[in-house]
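Trainee: Let me give you the structure first, and then I'll get to my questions.
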Amino acid sequence: MPSTPPSEPEMFRPDSPQAREPRSALPWIIALGVVLIATGALVVMGHRGEPANPGGAGLAPADPYAASLPIANLQMSQAGNMAGSQTTYVDGQITNQGQKTVTAITVQVAFHGFTNPIAKKETMPLMLVRMREPYVDTQPVGAAPILPGQTREFRLIFDSVPEDWNQNYPEIRLIKVVAR
């Protein structure tokens, strides 16, 4: 005589040895605490740094060592990119007339407009030209510091310029210089 199957499978019966034990909420509480601490640390660290575009509506003040780093031979060019828009390049030379070796430079670039005193302002690291052939390649100043008396070529790249830009060279201000 065939045996009748149990009405509930063994693993779903509450008195089964495989029945689940209640889980502790402690791992979830610990994980939540870690996430909250990490988020708080990121918020605090984010507020410690310099603003993304210092100087408010105008330009930030120049670094004191900037007087020893004159910029010369500015040239501008534009080229189409794969997205169908224009990329603008500002090339020039910077000379270290001071007594220190420069390892980093942050510049603030202002494109002046016909109606706005500053149509666009952007803060970025100054990038030195590493080579020109077969294409222009740039590197940060820290990769090849500028020694006293040395002149180096640089390139600044802009993905867009404002519609009301007055077509003059932008104003370039050295707002942070790291020199030793």
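Every chain in the structure tokens takes a letter, A first, then B, and so on in the order presented; its residues are numbered from 1, and the ligands are numbered from 1 following the presented order.
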I want to know what sits within 8 Å of A:Arg173, based on only C-alpha atoms, with residues of the same chain fewer than 3 positions away left out; could you give that as a compact mmCIF listing (two decimals) with N, CA and C atoms, in the first residue's frame?
Mentor:
# COMPACT_ATOMS: atom_id res chain seq x y z
N LEU A 59 37.27 87.55 -9.87
CA LEU A 59 38.38 86.61 -9.83
C LEU A 59 38.99 86.60 -8.43
N ALA A 62 45.46 87.04 -6.80
CA ALA A 62 46.63 86.32 -7.31
C ALA A 62 47.50 85.86 -6.14
N VAL A 107 45.16 78.04 -11.89
CA VAL A 107 44.82 79.30 -12.56
C VAL A 107 43.31 79.49 -12.55
N GLN A 108 42.94 80.75 -12.65
CA GLN A 108 41.53 81.10 -12.83
C GLN A 108 41.48 81.87 -14.15
N VAL A 109 40.63 81.42 -15.04
CA VAL A 109 40.52 82.00 -16.37
C VAL A 109 39.15 82.65 -16.51
Trainee: Give the helix (DSSP H, G or I) residues of stretch 28-118 of chain A, as assigned by DSSP on the backbone, as a ChimeraX atom specification.
Mentor: /A:28-48,64-68
Trainee: Once you have the residues from the selection above, write them out as an mmCIF file, in the first residue's frame, restricted to C-alpha atoms.
Mentor:
data_model
loop_
_atom_site.group_PDB
_atom_site.id
_atom_site.type_symbol
_atom_site.label_atom_id
_atom_site.label_comp_id
_atom_site.auth_asym_id
_atom_site.auth_seq_id
_atom_site.Cartn_x
_atom_site.Cartn_y
_atom_site.Cartn_z
ATOM 1 C CA TRP A 28 22.007 45.830 10.096
ATOM 2 C CA ILE A 29 22.487 48.375 12.870
ATOM 3 C CA ILE A 30 26.281 48.176 12.497
ATOM 4 C CA ALA A 31 26.060 48.555 8.704
ATOM 5 C CA LEU A 32 23.792 51.584 9.062
ATOM 6 C CA GLY A 33 26.221 53.142 11.544
ATOM 7 C CA VAL A 34 29.169 52.645 9.164
ATOM 8 C CA VAL A 35 27.245 54.251 6.287
ATOM 9 C CA LEU A 36 26.272 57.247 8.443
ATOM 10 C CA ILE A 37 29.847 57.757 9.673
ATOM 11 C CA ALA A 38 31.262 57.527 6.122
ATOM 12 C CA THR A 39 28.679 60.007 4.806
ATOM 13 C CA GLY A 40 29.427 62.423 7.641
ATOM 14 C CA ALA A 41 33.177 62.186 6.979
ATOM 15 C CA LEU A 42 32.676 62.942 3.267
ATOM 16 C CA VAL A 43 30.524 65.969 4.062
ATOM 17 C CA VAL A 44 33.090 67.349 6.530
ATOM 18 C CA MET A 45 36.009 66.763 4.138
ATOM 19 C CA GLY A 46 34.089 68.358 1.270
ATOM 20 C CA HIS A 47 33.569 71.578 3.218
ATOM 21 C CA ARG A 48 37.225 71.855 4.232
ATOM 22 C CA PRO A 64 52.073 86.288 -4.050
ATOM 23 C CA TYR A 65 54.552 84.182 -6.087
ATOM 24 C CA ALA A 66 52.537 84.853 -9.288
ATOM 25 C CA ALA A 67 54.546 88.061 -9.840
ATOM 26 C CA SER A 68 57.572 85.804 -10.460
#
Trainee: Can you tell me, as a ChimeraX atom specification, which residues in chain A count as strand (DSSP E) by DSSP?
Mentor: /A:71-80,86-95,102-111,120-125,127-131,137-140,151-158,171-179
Trainee: Go through A:Leu147, A:Ala119, A:Ile175, A:Leu26 and flag the residue nearest A:Glu163, using only C-alpha atoms for the distances.
Mentor: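 Checking each candidate against A:Glu163, we get A:Ala119 as the closest.
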Trainee: For each of A:Gly80, A:Ala72, A:Pro27, A:Asp63, take the minimum atom-to-atom distance to A:Ser160, counting only C-alpha atoms, then give the residue where this is smallest.
Mentor: A:Gly80
Trainee: For A:Val136, which residue among A:Asp164, A:Asp159, A:Glu153, A:Glu122 is the nearest when counting only C-alpha atoms?
Mentor: A:Glu153
Trainee: What is the atom CA of A:Ile146-atom CA of A:Asp91 distance in Å, reported with one decimal?
Mentor: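 Here the two named atoms are 16.7 Å from each other.
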Trainee: Quick one, how far is atom CA of A:Gln93 from atom CA of A:Phe114?
Mentor: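 It comes out at 27.3 Å.
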Trainee: Write out as a ChimeraX atom specification the residues lying within 8 Å of A:Met127, counting only C-alpha atoms and excluding same-chain residues fewer than 2 positions away.
Mentor: /A:125,129,138-141,154-156
Trainee: Could you work out how far atom CA of A:His112 lies from atom CA of A:Asn81, giving the answer in Å with one decimal?
Mentor: 23.5 Å
Trainee: Considering only C-alpha atoms, state which residue in the set A:Thr106, A:Asn166, A:Gln78, A:Asn73 is at the smallest distance from A:Pro61.
Mentor: A:Thr106
Trainee: For A:Gly142, find every residue with an atom within 7 Å (counting only C-alpha atoms), except residues of its own chain fewer than 2 positions away, and show them as number ranges by chain.
Mentor: A: 103-104, 140, 144-145
Trainee: Write out, as a compact mmCIF listing (two decimals), in the first residue's frame, the residues just selected, with C-alpha atoms.
Mentor:
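Done, and the output landed in result-v9.txt:
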# COMPACT_ATOMS: atom_id res chain seq x y z
CA THR A 103 55.56 72.21 -8.40
CA ALA A 104 51.88 73.18 -8.91
CA PRO A 140 50.57 68.67 -14.53
CA ALA A 144 58.04 68.27 -14.47
CA PRO A 145 58.49 71.16 -11.99
Trainee: Considering only C-alpha atoms, return as a PDB file with N, CA and C atoms, in the first residue's frame whatever protein or nucleic-acid residues lie within 9 Å of A:Val161, sequence-local ones (same chain, fewer than 6 positions apart) excluded.
Mentor:
ATOM      1  N   GLN A  86      32.636  72.886 -30.247  1.00  0.00           N
ATOM      2  CA  GLN A  86      33.989  73.414 -30.407  1.00  0.00           C
ATOM      3  C   GLN A  86      34.759  73.306 -29.090  1.00  0.00           C
ATOM      4  N   THR A  87      36.008  72.901 -29.161  1.00  0.00           N
ATOM      5  CA  THR A  87      36.921  72.931 -28.029  1.00  0.00           C
ATOM      6  C   THR A  87      37.868  74.100 -28.263  1.00  0.00           C
ATOM      7  N   THR A  88      38.070  74.912 -27.231  1.00  0.00           N
ATOM      8  CA  THR A  88      38.935  76.092 -27.326  1.00  0.00           C
ATOM      9  C   THR A  88      40.221  75.827 -26.561  1.00  0.00           C
ATOM     10  N   PHE A 111      36.663  84.599 -19.200  1.00  0.00           N
ATOM     11  CA  PHE A 111      36.284  85.043 -20.529  1.00  0.00           C
ATOM     12  C   PHE A 111      35.353  86.231 -20.337  1.00  0.00           C
ATOM     13  N   ALA A 119      31.904  86.687 -18.502  1.00  0.00           N
ATOM     14  CA  ALA A 119      30.889  85.822 -19.087  1.00  0.00           C
ATOM     15  C   ALA A 119      31.077  84.371 -18.647  1.00  0.00           C
ATOM     16  N   LYS A 120      32.327  83.989 -18.378  1.00  0.00           N
ATOM     17  CA  LYS A 120      32.614  82.634 -17.890  1.00  0.00           C
ATOM     18  C   LYS A 120      33.898  82.688 -17.089  1.00  0.00           C
TER      19      LYS A 120
END
Trainee: Which is closest to A:Asn96 among A:Leu128, A:Ala83, A:Ile172, A:Ile71, if we use only C-alpha atoms?
Mentor: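 With only C-alpha atoms as the atom set, the closest residue is A:Ile71.
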Trainee: Taking only C-alpha atoms into account, which of A:Met76, A:Ala60, A:Met82, A:Leu126 comes nearest A:Ala110?
Mentor: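 Among A:Met76, A:Ala60, A:Met82, A:Leu126, it is A:Ala60 that comes nearest to A:Ala110.
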